[in-house]
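I have placed the structure first, in the form of structure tokens, so that the comments after it can refer back to it.
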Amino acid sequence: MPLLEARNLTKRFGGLVAVDNVSLAVEPLTVTALIGPNGAGKTTFFKMLAGELEPNAGEVFFKDQRITNLNVTRVSQLGIAKSFQITQIFPKLSVEQNVLVPALAATRGAFRFDALLPLSSARAAHEIAERVLEQVSLLERRIVRAEDLSYGEKRRLEVALALATQPEVLLLDEPAAGMSPSERTAMVDLLKNLRKNVTIVIVEHDMDVVFGLADRVVVLQDGKQIAEGSPAEIRGHPRVQEAYLGGVE
Amino acid sequence: MFLAVSLHLLEAQALNGLALGAILALAALGLTIVFGLLGFVNFAHGSLFMVGAYGGWVVYTKTGNFFLALPTALIVAFIVGVIVERILIRMYYRRPPEDQILVTYGLAIILVEISRAIFSSQTQLVSTPSWASGTIDVAGIYFPQYRVAVMGISAIALIAVYLVMFKTRIGLIVRAGIDDAVIVNILGINVNRTFLLVFALGAAIAGLAGIADAPLIAVNPDMGNDLLVQCFVVVVLGGVGSFFGAVLGGLVAGEIVSLTTAFNPDLSSVMLYVAMAVVLIVRPQGLLGVEGRT
Amino acid sequence: MTAGTRRVLLGLAAMAVFLFLFPVGLEKIGGGIPLASRILVLGLFGLGVDLIFGFTGLLSFGQAAFYGIGGFVSGFLLIHGIVHGALVALAIGTLAASVAGVLIGALSLRQVGVYFAMLTLAFSQMFYFLDLSALRNYTGAENGLPGVPRAHVLFWHWGGNSEAYVFIAIVYFVAFAVMWLIVNSSFGHVLRAILENPQRAAAAGHDVFRYKLFAFTIAAAYAGVAGGLLGLFQGYLPPDMFTIDTSGQIIVIEIIGGPGTLVGPLIGSFVWIYLSQVLQSFSAVAGLWRLVLGIVFVLLITGFRRGIAGGMATFMQQLRRRREPVPVATGE
């Protein structure tokens with residue numbers, strides 16, 4: 001049974017069809033890569049999975065439960081976490097304070113009025129935060145203000161924020177974008193570690209990352225799904241080669 | 001008979017509503033253009049209304065000529081608008097809305113206090129010009145001439161702005177910018193200068209409304225406060241950035257206040273804000289606004 | 001005792017000492033005990049504003065509504081002898097203000113930014129005009145409500161200015177302590193996250209609307225307490241408690257004092273009230289203090305958003321940093 005399933009998702013913006021009838025079934029504890037030239041609709045598709053956008057048509061199912069029009073808070077509480085393509089952190093909070101935000105949501109639910117209990121007493125949340133920071137190698141930087149981090153560190157924090165909600169499914173939107181080669185390798189190592197416990201769907205442009213990591217690859221172009229299969233199958237796929245050869249990739 | 005009196009009162013109040021609405025439409029027009037194009041609400045708008053009123057009043061008391069007072073108000077408010085935009089406002093176009101609200105609120109304080117320092121807090125009574133001091137018979141209702149004059153002044157000003165906005169190139173740029181400021185920028189049009197002109201124009205219109213309204217209300221440094229909020233109501237009712245929305249919203253607002261007065265004077269102002277809240281909750285884009293424009 | 005607890009206790013002790021010395025110090029610079037009371041009342045009002053603006057990023061231009069409701073409800077109850085104890089009257093007034101807070105918040109908080117500000121402004125004006133007209137039999141319209149008795153608190157009947165100050169200072173202290181707990185709680189941490197990045201806070205799994213609503217209601221409650229205290233203190237409730245100027249004034253106080261610092265509003269109201277009272281006596285500058293504050297306000301918004309308290313905090317931080325190695329972002 002697929003853990004996360006998208007059926008015939010379509011999204012239109014005025015006259016433009018950004019995502020055209022795309023379906024995807026994600027099995028538990030797998031890594032699925034979503035690739036395609038710029039403008040293929042990958043991020044828009046992701047947004048529909050995470051509840052940021054409402055599809056014009058189609059449905060999203062999580063553990064056989066319909067989650068199609070739920071908002072981001074509900075989706076996050078159900079166990080799907082998404083990292084953002086453009087880094088979305090809490091700039092003036094420290095790294096640790098940043099990660100505590102999703103950790104608090106994971107341990108306390110969507111709302112709790114514990115206004116008279118100090119933050120320091122939220123043991124479970126702090127434990128999650130520490131563990132996650134360790135995983136992304138940001139533990140030594142815990143007291144640094146998020147806006148003072150380097151670009152690569154910010155991208156790692158971005159992943160940490162998604163991780164700290166204790167998700168079953170991690171949607172990563174170009175987590176390694178703009179990183180140096182060594183940072184990229186570190187990110188791939190991180191993902192290889194994570195995949196043992198979390199189901200991952202990742203949007204990526206770097207083919208080495210994709211082929212080293214993914215169990216399945218889905219290819220989008222101009223909003224349409226043009227191919228799906230194992231990395232080896234996709235590598236030799238004529239339509240995929242055409243999509244990339246013609247483009248700026 | 002109760003019904004006859006009631007109908008007569010309603011008619012009179014409906015007429016009053018038009019006069020009130022005319023002022024509100026004019027005053028709010030400046031606000032809505034600036035809000036639509038520059039994307040922020042000018043909390044100093046009421047103080048610009050006041051600046052115009054004082055500017056016109058000074059000339060009026062010196063020359064006794066109301067026809068001089070009108071353009072004076074326009075020019076004075078325009079100049080203040082230019083100064084304020086160059087010194088302060090232009091730094092705020094990209095800042096978050098809270099900052100924009102705060103800085104224009106602070107600016108309002110400054111303008112009000114400067115006026116208070118020059119003119120004192122004393123309320124000035126501006127006499128209606130001699131050519132419009134009587135009453136005129138409108139279908140059995142004795143209606144003050146000046147209120148008709150106000151409707152006339154407002155109508156002329158609205159038509160002038162309409163012509164500029166819909167029949168000139170700069171108006172086209174402004175309307176395009178209201179729809180999509182980014183595109184206008186990309187097209188290489190001098191956005192800075194356009195913004196300056198629009199802001200100053202908004203100020204000028206507010207100033208004109210100020211002197212036009214001066215014979216009807218108390219002229220003092222704080223006169224802009226209530227007008228500011230009333231303009232918000234009009235902009236919300238009519239829809240942000242919409243010329244016709246400001247006109248329609250102004251007239252609707254004027255009628256709401258006036259007609260409610262006929263039934264229950266205590267609730268007339270309250271109804272206005274109830275209407276605003278209802279619209280903001282049920283249809284935030286207003287009667288003529290475009291969905292999604294925030 | 002953990003370091004955190006020690007910090008809180010030290011801070012509260014410092015506040016207690018300050019409250020004790022405040023009227024004494026104020027007298028030395030031309031103020032008096034009544035002035036100190038006024039400053040605390042506004043500082044209390046500002047605590048609520050700091051919560052929603054300084055910590056959550058909500059700019060409400062309608063806090064005067066809750067100030068007025070709290071004041072007039074508790075004042076009315078005491079004037080007409082419906083209630084005899086100050087605490088009960090305050091509690092009911094605060095409850096009324098809180099209910100208004102929930103209602104207005106529920107309707108306004110679906111919007112953000114300018115529309116939120118305009119909605120709070122509209123609701124506040126509604127209450128102002130209700131105060132002046134429809135409810136004038138209860139509120140005295142332009143004349144306000146005079147004759148609020150100096151009520152008793154439990155078995156203590158306070159009469160003079162000093163006793164009034166003691167009562168107000170105790171209320172302020174408790175309110176301050178509670179607010180400190182709130183902002184340092186997990187609940188408060190989520191509010192800070194909402195200030196920084198509301199979309200991200202929502203994506204992290206928090207029900208942002210409910211957090212905002214609770215914070216907004218707390219701020220309304222604080223405004224209500226402050227309003228009630230004002231009535232008790234000056235024996236009179238003026239209609240201008242409901243005006244836009246009052247809403248604007250508390251925002252100016254918040255900015256000048258420093259958002260997000262809790263003591264900011266206290267500093268801000270000291271500046272505002274002290275300047276207005278003391279400068280009045282110099283007729284040359286009497287009217288100009290507002291102009292000066294307006295200019296300072298604009299300058300602060302433009303260049304220095306942290307206000308007086310924030311500036312002091314940053315200054316102390318930098319002093320501390322000189323002694324510790326600075327963690328630098330390692331470019332990789």
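Just remember, in the structure tokens the first chain shown is A, the second B, etc., residues are 1-based per chain, and ligands are 1-based in the order shown.
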Interface, chain C side, toward chain B (7 Å; only C-alpha atoms) as a list in words:
Leu59, Leu107, Gly113, Val114, Leu119, Ala122, Phe123, Met126, Phe129, Leu130, Ser133, Ala134, Gly287, Arg290, Leu291, Gly294, Ile295, Phe297, Val298 and Ile301 of chain C
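Once A:Leu16 and its same-chain neighbours fewer than 5 positions away are set aside, Lys11, Asp222 and Gly223 of chain A remain within 10 Å of it when counting only C-alpha atoms.
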Residues near stretch 162-169 of chain A, cut-off 7 Å, only C-alpha atoms, skip fewer than 6 positions along chain, as a PyMOL selection string:
(chain A and resi 79-83+99+102-103+105-106+128-129+132+198-200) or (chain C and resi 204)
Residues just named, written with C-alpha atoms as a tab-separated table (two decimals), in the first residue's frame:
```
chain	number	residue	atom	x	y	z
A	79	GLY	CA	3.14	13.46	9.32
A	80	ILE	CA	4.17	15.05	6.04
A	81	ALA	CA	6.92	17.67	6.28
A	82	LYS	CA	8.20	19.84	3.48
A	83	SER	CA	11.36	21.85	3.18
A	99	VAL	CA	14.35	23.81	15.40
A	102	PRO	CA	8.57	22.34	14.67
A	103	ALA	CA	9.65	20.18	17.58
A	105	ALA	CA	4.44	21.28	17.20
A	106	ALA	CA	5.39	17.62	17.06
A	128	ILE	CA	14.07	16.19	19.32
A	129	ALA	CA	15.79	19.46	18.55
A	132	VAL	CA	17.91	16.70	14.62
A	198	VAL	CA	11.72	8.28	6.77
A	199	THR	CA	10.08	8.10	3.38
A	200	ILE	CA	11.60	10.72	1.13
C	204	ALA	CA	5.77	23.44	11.12
```
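Between atom CA of C:Glu196 and atom CA of C:Gly310 there is a distance of 16.9 Å.
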If you take only C-alpha atoms and a cut-off of 9 Å, which residues of chain C touch chain A, and what are their nearest atom pairs and distances in Å to one decimal, in chain and number order, as JSON lines?
```
{"residue": "C:Gly4", "atom": "CA", "partner": "A:Ser120", "partner_atom": "CA", "distance": 8.2}
{"residue": "C:Val178", "atom": "CA", "partner": "A:Leu116", "partner_atom": "CA", "distance": 7.4}
{"residue": "C:Met179", "atom": "CA", "partner": "A:Leu116", "partner_atom": "CA", "distance": 8.8}
{"residue": "C:Trp180", "atom": "CA", "partner": "A:Leu116", "partner_atom": "CA", "distance": 8.9}
{"residue": "C:Leu181", "atom": "CA", "partner": "A:Leu116", "partner_atom": "CA", "distance": 5.3}
{"residue": "C:Ile182", "atom": "CA", "partner": "A:Ala115", "partner_atom": "CA", "distance": 4.7}
{"residue": "C:Val183", "atom": "CA", "partner": "A:Ala115", "partner_atom": "CA", "distance": 7.6}
{"residue": "C:Asn184", "atom": "CA", "partner": "A:Pro118", "partner_atom": "CA", "distance": 5.6}
{"residue": "C:Ser185", "atom": "CA", "partner": "A:Pro118", "partner_atom": "CA", "distance": 4.1}
{"residue": "C:Ser186", "atom": "CA", "partner": "A:Leu119", "partner_atom": "CA", "distance": 4.5}
{"residue": "C:Phe187", "atom": "CA", "partner": "A:Ala115", "partner_atom": "CA", "distance": 5.2}
{"residue": "C:Gly188", "atom": "CA", "partner": "A:Ala115", "partner_atom": "CA", "distance": 6.7}
{"residue": "C:His189", "atom": "CA", "partner": "A:Leu119", "partner_atom": "CA", "distance": 7.2}
{"residue": "C:Val190", "atom": "CA", "partner": "A:Val101", "partner_atom": "CA", "distance": 6.4}
{"residue": "C:Arg192", "atom": "CA", "partner": "A:Leu93", "partner_atom": "CA", "distance": 8.3}
{"residue": "C:Ala193", "atom": "CA", "partner": "A:Phe90", "partner_atom": "CA", "distance": 6.5}
{"residue": "C:Ile194", "atom": "CA", "partner": "A:Phe90", "partner_atom": "CA", "distance": 8.8}
{"residue": "C:Leu195", "atom": "CA", "partner": "A:Phe90", "partner_atom": "CA", "distance": 8.7}
{"residue": "C:Glu196", "atom": "CA", "partner": "A:Phe90", "partner_atom": "CA", "distance": 5.2}
{"residue": "C:Asn197", "atom": "CA", "partner": "A:Phe90", "partner_atom": "CA", "distance": 5.8}
{"residue": "C:Gln199", "atom": "CA", "partner": "A:Gln88", "partner_atom": "CA", "distance": 8.5}
{"residue": "C:Arg200", "atom": "CA", "partner": "A:Gln88", "partner_atom": "CA", "distance": 6.4}
{"residue": "C:Ala201", "atom": "CA", "partner": "A:Val101", "partner_atom": "CA", "distance": 7.1}
{"residue": "C:Ala202", "atom": "CA", "partner": "A:Thr73", "partner_atom": "CA", "distance": 5.2}
{"residue": "C:Ala203", "atom": "CA", "partner": "A:Val72", "partner_atom": "CA", "distance": 5.1}
{"residue": "C:Ala204", "atom": "CA", "partner": "A:Pro102", "partner_atom": "CA", "distance": 4.6}
{"residue": "C:Gly205", "atom": "CA", "partner": "A:Thr73", "partner_atom": "CA", "distance": 4.3}
{"residue": "C:His206", "atom": "CA", "partner": "A:Ala110", "partner_atom": "CA", "distance": 4.4}
{"residue": "C:Asp207", "atom": "CA", "partner": "A:Ala110", "partner_atom": "CA", "distance": 5.0}
{"residue": "C:Val208", "atom": "CA", "partner": "A:Phe111", "partner_atom": "CA", "distance": 8.3}
{"residue": "C:Arg210", "atom": "CA", "partner": "A:Phe111", "partner_atom": "CA", "distance": 7.1}
{"residue": "C:Tyr211", "atom": "CA", "partner": "A:Phe111", "partner_atom": "CA", "distance": 7.2}
{"residue": "C:Phe214", "atom": "CA", "partner": "A:Phe113", "partner_atom": "CA", "distance": 8.2}
{"residue": "C:Pro327", "atom": "CA", "partner": "A:Val144", "partner_atom": "CA", "distance": 7.0}
{"residue": "C:Val328", "atom": "CA", "partner": "A:Asp148", "partner_atom": "CA", "distance": 7.9}
{"residue": "C:Ala329", "atom": "CA", "partner": "A:Leu149", "partner_atom": "CA", "distance": 5.2}
{"residue": "C:Thr330", "atom": "CA", "partner": "A:Ser150", "partner_atom": "CA", "distance": 6.5}
{"residue": "C:Gly331", "atom": "CA", "partner": "A:Ser150", "partner_atom": "CA", "distance": 5.9}
{"residue": "C:Glu332", "atom": "CA", "partner": "A:Ser180", "partner_atom": "CA", "distance": 7.2}
```
Selection from above, N, CA and C atoms, as an mmCIF file, in the first residue's frame, can you write it?
```
data_model
loop_
_atom_site.group_PDB
_atom_site.id
_atom_site.type_symbol
_atom_site.label_atom_id
_atom_site.label_comp_id
_atom_site.auth_asym_id
_atom_site.auth_seq_id
_atom_site.Cartn_x
_atom_site.Cartn_y
_atom_site.Cartn_z
ATOM 1 N N GLY C 4 18.049 29.507 34.578
ATOM 2 C CA GLY C 4 16.876 30.209 34.056
ATOM 3 C C GLY C 4 15.995 30.739 35.170
ATOM 4 N N VAL C 178 3.412 37.707 35.126
ATOM 5 C CA VAL C 178 2.632 36.789 34.294
ATOM 6 C C VAL C 178 3.052 36.916 32.831
ATOM 7 N N MET C 179 3.218 38.139 32.374
ATOM 8 C CA MET C 179 3.598 38.345 30.973
ATOM 9 C C MET C 179 4.979 37.767 30.706
ATOM 10 N N TRP C 180 5.875 37.907 31.656
ATOM 11 C CA TRP C 180 7.204 37.340 31.494
ATOM 12 C C TRP C 180 7.111 35.814 31.337
ATOM 13 N N LEU C 181 6.292 35.215 32.185
ATOM 14 C CA LEU C 181 6.099 33.771 32.062
ATOM 15 C C LEU C 181 5.557 33.408 30.689
ATOM 16 N N ILE C 182 4.571 34.209 30.234
ATOM 17 C CA ILE C 182 3.943 33.907 28.954
ATOM 18 C C ILE C 182 4.953 33.948 27.813
ATOM 19 N N VAL C 183 5.754 35.017 27.771
ATOM 20 C CA VAL C 183 6.642 35.128 26.616
ATOM 21 C C VAL C 183 7.777 34.120 26.672
ATOM 22 N N ASN C 184 8.068 33.604 27.847
ATOM 23 C CA ASN C 184 9.142 32.622 27.938
ATOM 24 C C ASN C 184 8.650 31.190 27.925
ATOM 25 N N SER C 185 7.364 31.022 27.689
ATOM 26 C CA SER C 185 6.800 29.679 27.650
ATOM 27 C C SER C 185 6.884 29.112 26.237
ATOM 28 N N SER C 186 6.481 27.867 26.095
ATOM 29 C CA SER C 186 6.426 27.276 24.761
ATOM 30 C C SER C 186 5.423 28.040 23.908
ATOM 31 N N PHE C 187 4.307 28.405 24.524
ATOM 32 C CA PHE C 187 3.304 29.223 23.828
ATOM 33 C C PHE C 187 3.946 30.492 23.292
ATOM 34 N N GLY C 188 4.734 31.149 24.156
ATOM 35 C CA GLY C 188 5.403 32.376 23.753
ATOM 36 C C GLY C 188 6.402 32.143 22.636
ATOM 37 N N HIS C 189 7.041 30.974 22.659
ATOM 38 C CA HIS C 189 8.022 30.686 21.630
ATOM 39 C C HIS C 189 7.353 30.574 20.265
ATOM 40 N N VAL C 190 6.168 29.991 20.253
ATOM 41 C CA VAL C 190 5.454 29.894 18.981
ATOM 42 C C VAL C 190 5.079 31.295 18.494
ATOM 43 N N ARG C 192 6.772 33.996 18.958
ATOM 44 C CA ARG C 192 7.988 34.555 18.365
ATOM 45 C C ARG C 192 8.216 34.003 16.970
ATOM 46 N N ALA C 193 7.917 32.720 16.795
ATOM 47 C CA ALA C 193 8.081 32.125 15.472
ATOM 48 C C ALA C 193 7.110 32.778 14.480
ATOM 49 N N ILE C 194 5.899 33.053 14.956
ATOM 50 C CA ILE C 194 4.914 33.691 14.089
ATOM 51 C C ILE C 194 5.391 35.079 13.684
ATOM 52 N N LEU C 195 6.035 35.769 14.604
ATOM 53 C CA LEU C 195 6.590 37.087 14.288
ATOM 54 C C LEU C 195 7.621 36.978 13.169
ATOM 55 N N GLU C 196 8.476 35.978 13.265
ATOM 56 C CA GLU C 196 9.573 35.842 12.312
ATOM 57 C C GLU C 196 9.103 35.350 10.955
ATOM 58 N N ASN C 197 8.239 34.382 10.948
ATOM 59 C CA ASN C 197 7.848 33.757 9.680
ATOM 60 C C ASN C 197 6.560 32.965 9.861
ATOM 61 N N GLN C 199 4.259 31.857 7.868
ATOM 62 C CA GLN C 199 4.002 30.710 6.992
ATOM 63 C C GLN C 199 4.788 29.500 7.438
ATOM 64 N N ARG C 200 6.011 29.745 7.849
ATOM 65 C CA ARG C 200 6.842 28.637 8.287
ATOM 66 C C ARG C 200 6.305 28.038 9.583
ATOM 67 N N ALA C 201 5.833 28.914 10.470
ATOM 68 C CA ALA C 201 5.262 28.427 11.724
ATOM 69 C C ALA C 201 4.061 27.536 11.440
ATOM 70 N N ALA C 202 3.252 27.938 10.494
ATOM 71 C CA ALA C 202 2.095 27.120 10.132
ATOM 72 C C ALA C 202 2.551 25.796 9.517
ATOM 73 N N ALA C 203 3.551 25.857 8.630
ATOM 74 C CA ALA C 203 4.035 24.640 7.985
ATOM 75 C C ALA C 203 4.682 23.708 9.003
ATOM 76 N N ALA C 204 5.154 24.279 10.091
ATOM 77 C CA ALA C 204 5.773 23.442 11.123
ATOM 78 C C ALA C 204 4.728 22.688 11.926
ATOM 79 N N GLY C 205 3.466 23.065 11.759
ATOM 80 C CA GLY C 205 2.410 22.325 12.431
ATOM 81 C C GLY C 205 1.645 23.111 13.478
ATOM 82 N N HIS C 206 1.815 24.449 13.507
ATOM 83 C CA HIS C 206 1.120 25.228 14.515
ATOM 84 C C HIS C 206 -0.134 25.894 13.948
ATOM 85 N N ASP C 207 -1.171 25.931 14.763
ATOM 86 C CA ASP C 207 -2.408 26.592 14.368
ATOM 87 C C ASP C 207 -2.252 28.079 14.622
ATOM 88 N N VAL C 208 -1.677 28.764 13.638
ATOM 89 C CA VAL C 208 -1.286 30.159 13.822
ATOM 90 C C VAL C 208 -2.455 31.039 14.242
ATOM 91 N N ARG C 210 -5.104 30.380 16.015
ATOM 92 C CA ARG C 210 -5.457 30.247 17.425
ATOM 93 C C ARG C 210 -4.426 30.896 18.340
ATOM 94 N N TYR C 211 -3.160 30.763 17.974
ATOM 95 C CA TYR C 211 -2.135 31.431 18.772
ATOM 96 C C TYR C 211 -2.339 32.930 18.769
ATOM 97 N N PHE C 214 -5.410 33.912 20.920
ATOM 98 C CA PHE C 214 -5.155 33.894 22.359
ATOM 99 C C PHE C 214 -4.300 35.088 22.772
ATOM 100 N N PRO C 327 31.104 33.703 17.378
ATOM 101 C CA PRO C 327 30.925 32.602 16.429
ATOM 102 C C PRO C 327 30.702 33.163 15.036
ATOM 103 N N VAL C 328 31.614 32.843 14.164
ATOM 104 C CA VAL C 328 31.514 33.394 12.806
ATOM 105 C C VAL C 328 30.947 32.340 11.877
ATOM 106 N N ALA C 329 30.144 32.768 10.947
ATOM 107 C CA ALA C 329 29.620 31.824 9.960
ATOM 108 C C ALA C 329 30.765 31.339 9.102
ATOM 109 N N THR C 330 31.003 30.039 9.141
ATOM 110 C CA THR C 330 32.150 29.508 8.378
ATOM 111 C C THR C 330 31.703 29.293 6.935
ATOM 112 N N GLY C 331 32.293 30.029 6.053
ATOM 113 C CA GLY C 331 31.960 29.847 4.632
ATOM 114 C C GLY C 331 32.546 28.541 4.155
ATOM 115 N N GLU C 332 31.739 27.753 3.478
ATOM 116 C CA GLU C 332 32.269 26.450 3.055
ATOM 117 C C GLU C 332 32.329 26.348 1.547
#
```
For C:Gly68, find every residue with an atom within 12 Å (counting only C-alpha atoms), except residues of its own chain fewer than 4 positions away, and show them as a short mmCIF file (atom, residue, chain, number, x, y, z; two decimals) with N, CA and C atoms, in the first residue's frame.
```cif
data_model
loop_
_atom_site.label_atom_id
_atom_site.label_comp_id
_atom_site.auth_asym_id
_atom_site.auth_seq_id
_atom_site.Cartn_x
_atom_site.Cartn_y
_atom_site.Cartn_z
N PHE C 45 -0.96 48.77 30.15
CA PHE C 45 -1.64 48.77 28.86
C PHE C 45 -0.66 48.31 27.77
N GLY C 62 -6.51 49.32 17.39
CA GLY C 62 -7.78 49.42 18.10
C GLY C 62 -7.72 49.00 19.55
N GLN C 63 -6.56 49.05 20.16
CA GLN C 63 -6.47 48.60 21.55
C GLN C 63 -7.25 49.50 22.48
N ALA C 64 -7.50 50.74 22.06
CA ALA C 64 -8.26 51.67 22.90
C ALA C 64 -9.62 51.11 23.25
N PHE C 72 -14.68 51.53 31.60
CA PHE C 72 -16.07 51.94 31.81
C PHE C 72 -16.89 50.86 32.49
N VAL C 73 -16.64 49.60 32.18
CA VAL C 73 -17.42 48.54 32.83
C VAL C 73 -17.11 48.50 34.33
N SER C 74 -15.84 48.49 34.67
CA SER C 74 -15.51 48.41 36.09
C SER C 74 -15.90 49.70 36.79
N GLY C 75 -15.71 50.83 36.13
CA GLY C 75 -16.08 52.10 36.72
C GLY C 75 -17.59 52.19 36.96
N PHE C 76 -18.35 51.80 35.97
CA PHE C 76 -19.82 51.84 36.08
C PHE C 76 -20.30 51.00 37.25
N GLY C 93 -14.53 44.01 34.66
CA GLY C 93 -14.15 44.89 33.55
C GLY C 93 -13.17 44.20 32.61
N THR C 94 -12.22 43.49 33.21
CA THR C 94 -11.24 42.77 32.40
C THR C 94 -11.91 41.66 31.61
N ALA C 96 -14.98 41.66 30.55
CA ALA C 96 -15.69 42.30 29.44
C ALA C 96 -14.73 42.63 28.30
N ALA C 97 -13.59 43.19 28.67
CA ALA C 97 -12.60 43.55 27.64
C ALA C 97 -12.10 42.29 26.92
N SER C 98 -11.93 41.21 27.67
CA SER C 98 -11.45 39.97 27.06
C SER C 98 -12.47 39.40 26.09
N ALA C 100 -14.67 41.10 24.44
CA ALA C 100 -14.56 41.94 23.25
C ALA C 100 -13.34 41.55 22.44
N SER C 124 -12.71 49.62 16.75
CA SER C 124 -12.45 50.56 17.82
C SER C 124 -13.31 51.81 17.67
N GLN C 125 -13.41 52.31 16.46
CA GLN C 125 -14.24 53.48 16.20
C GLN C 125 -15.70 53.19 16.51
N PHE C 127 -16.83 51.30 18.84
CA PHE C 127 -17.01 51.42 20.28
C PHE C 127 -16.94 52.87 20.71
N TYR C 128 -16.10 53.65 20.04
CA TYR C 128 -16.02 55.07 20.38
C TYR C 128 -17.35 55.75 20.14
N PHE C 129 -17.94 55.50 19.01
CA PHE C 129 -19.21 56.15 18.72
C PHE C 129 -20.35 55.57 19.55
N LEU C 130 -20.27 54.30 19.89
CA LEU C 130 -21.26 53.75 20.81
C LEU C 130 -21.16 54.45 22.16
N ASP C 131 -19.93 54.68 22.58
CA ASP C 131 -19.69 55.36 23.84
C ASP C 131 -20.29 56.76 23.82
N LEU C 132 -20.12 57.45 22.68
CA LEU C 132 -20.58 58.82 22.61
C LEU C 132 -22.08 58.95 22.41
N THR C 139 -22.55 55.84 29.71
CA THR C 139 -21.15 56.28 29.62
C THR C 139 -20.95 57.77 29.79
N GLY C 144 -18.07 61.87 29.95
CA GLY C 144 -17.42 60.76 30.63
C GLY C 144 -18.14 60.38 31.90
N LEU C 145 -17.52 59.51 32.66
CA LEU C 145 -18.11 59.02 33.90
C LEU C 145 -17.31 59.51 35.10
N ALA C 220 -6.02 42.25 25.09
CA ALA C 220 -7.27 42.96 25.41
C ALA C 220 -7.50 42.95 26.92
N ALA C 221 -7.20 41.82 27.55
CA ALA C 221 -7.37 41.73 29.00
C ALA C 221 -6.47 42.73 29.71
N TYR C 222 -5.21 42.79 29.27
CA TYR C 222 -4.29 43.74 29.89
C TYR C 222 -4.78 45.16 29.71
N ALA C 223 -5.28 45.47 28.53
CA ALA C 223 -5.82 46.81 28.29
C ALA C 223 -7.00 47.07 29.22
N GLY C 224 -7.81 46.04 29.42
CA GLY C 224 -8.97 46.18 30.30
C GLY C 224 -8.58 46.45 31.75
N VAL C 225 -7.57 45.73 32.22
CA VAL C 225 -7.09 45.97 33.58
C VAL C 225 -6.58 47.40 33.71
N ALA C 226 -5.80 47.81 32.71
CA ALA C 226 -5.24 49.17 32.75
C ALA C 226 -6.36 50.20 32.76
N GLY C 227 -7.37 49.99 31.95
CA GLY C 227 -8.50 50.93 31.92
C GLY C 227 -9.19 51.00 33.27
N GLY C 228 -9.42 49.82 33.85
CA GLY C 228 -10.06 49.80 35.16
C GLY C 228 -9.23 50.52 36.21
N LEU C 229 -7.92 50.30 36.15
CA LEU C 229 -7.04 50.97 37.10
C LEU C 229 -7.08 52.48 36.93
N LEU C 230 -7.15 52.92 35.68
CA LEU C 230 -7.19 54.36 35.43
C LEU C 230 -8.41 54.98 36.10
N GLY C 231 -9.54 54.31 35.95
CA GLY C 231 -10.76 54.81 36.57
C GLY C 231 -10.63 54.89 38.08
N TYR C 236 -12.28 59.12 37.44
CA TYR C 236 -13.05 59.66 36.30
C TYR C 236 -12.66 58.92 35.04
N LEU C 237 -13.66 58.62 34.21
CA LEU C 237 -13.40 57.91 32.96
C LEU C 237 -13.76 58.80 31.78
N PRO C 238 -12.77 59.29 31.07
CA PRO C 238 -13.03 60.17 29.93
C PRO C 238 -13.34 59.40 28.66
N PRO C 239 -14.17 59.98 27.77
CA PRO C 239 -14.48 59.28 26.53
C PRO C 239 -13.28 59.09 25.62
N ASP C 240 -12.23 59.88 25.82
CA ASP C 240 -11.09 59.75 24.91
C ASP C 240 -10.29 58.48 25.16
N MET C 241 -10.77 57.67 26.12
CA MET C 241 -10.14 56.36 26.28
C MET C 241 -10.36 55.51 25.04
N PHE C 242 -11.40 55.87 24.26
CA PHE C 242 -11.76 55.05 23.12
C PHE C 242 -11.20 55.55 21.79
N THR C 243 -10.52 56.70 21.82
CA THR C 243 -10.18 57.32 20.54
C THR C 243 -9.00 56.67 19.83
N ILE C 244 -8.90 57.02 18.54
CA ILE C 244 -7.76 56.56 17.74
C ILE C 244 -6.47 57.07 18.35
N THR C 246 -5.73 57.43 21.37
CA THR C 246 -5.30 56.56 22.47
C THR C 246 -4.66 55.29 21.92
N SER C 247 -5.27 54.73 20.89
CA SER C 247 -4.68 53.54 20.27
C SER C 247 -3.31 53.86 19.69
#
```
Filtered DSSP result for stretch 65-287 of chain B, state helix (DSSP H, G or I), as a PyMOL selection string:
chain B and resi 66-87+89-92+97-119+130-132+145-167+169-179+181-186+191-213+224-238+243-263+265-282
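Nearest residue to A:Met187 among A:Ala57, A:Val95, A:Val209, A:Leu171 is A:Val209, counting only C-alpha atoms.
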May I ask for the distance between atom CA of C:Ala117 and atom CA of B:Asn42, given in Å to one decimal place?
12.3 Å
Quick one: residues within 9 Å of A:Val188, only C-alpha atoms, excluding same-chain residues fewer than 6 positions away - as a PyMOL selection string?
chain A and resi 176+209+212-213
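Relative to atom CA of A:Leu24, atom CA of A:Met48 is found at 12.2 Å.
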Quick one: residues within 6 Å of stretch 262-267 of chain C, only C-alpha atoms, excluding same-chain residues fewer than 2 positions away - as a PyMOL selection string?
chain C and resi 43+46+253-254+257-258+260+269-270+309
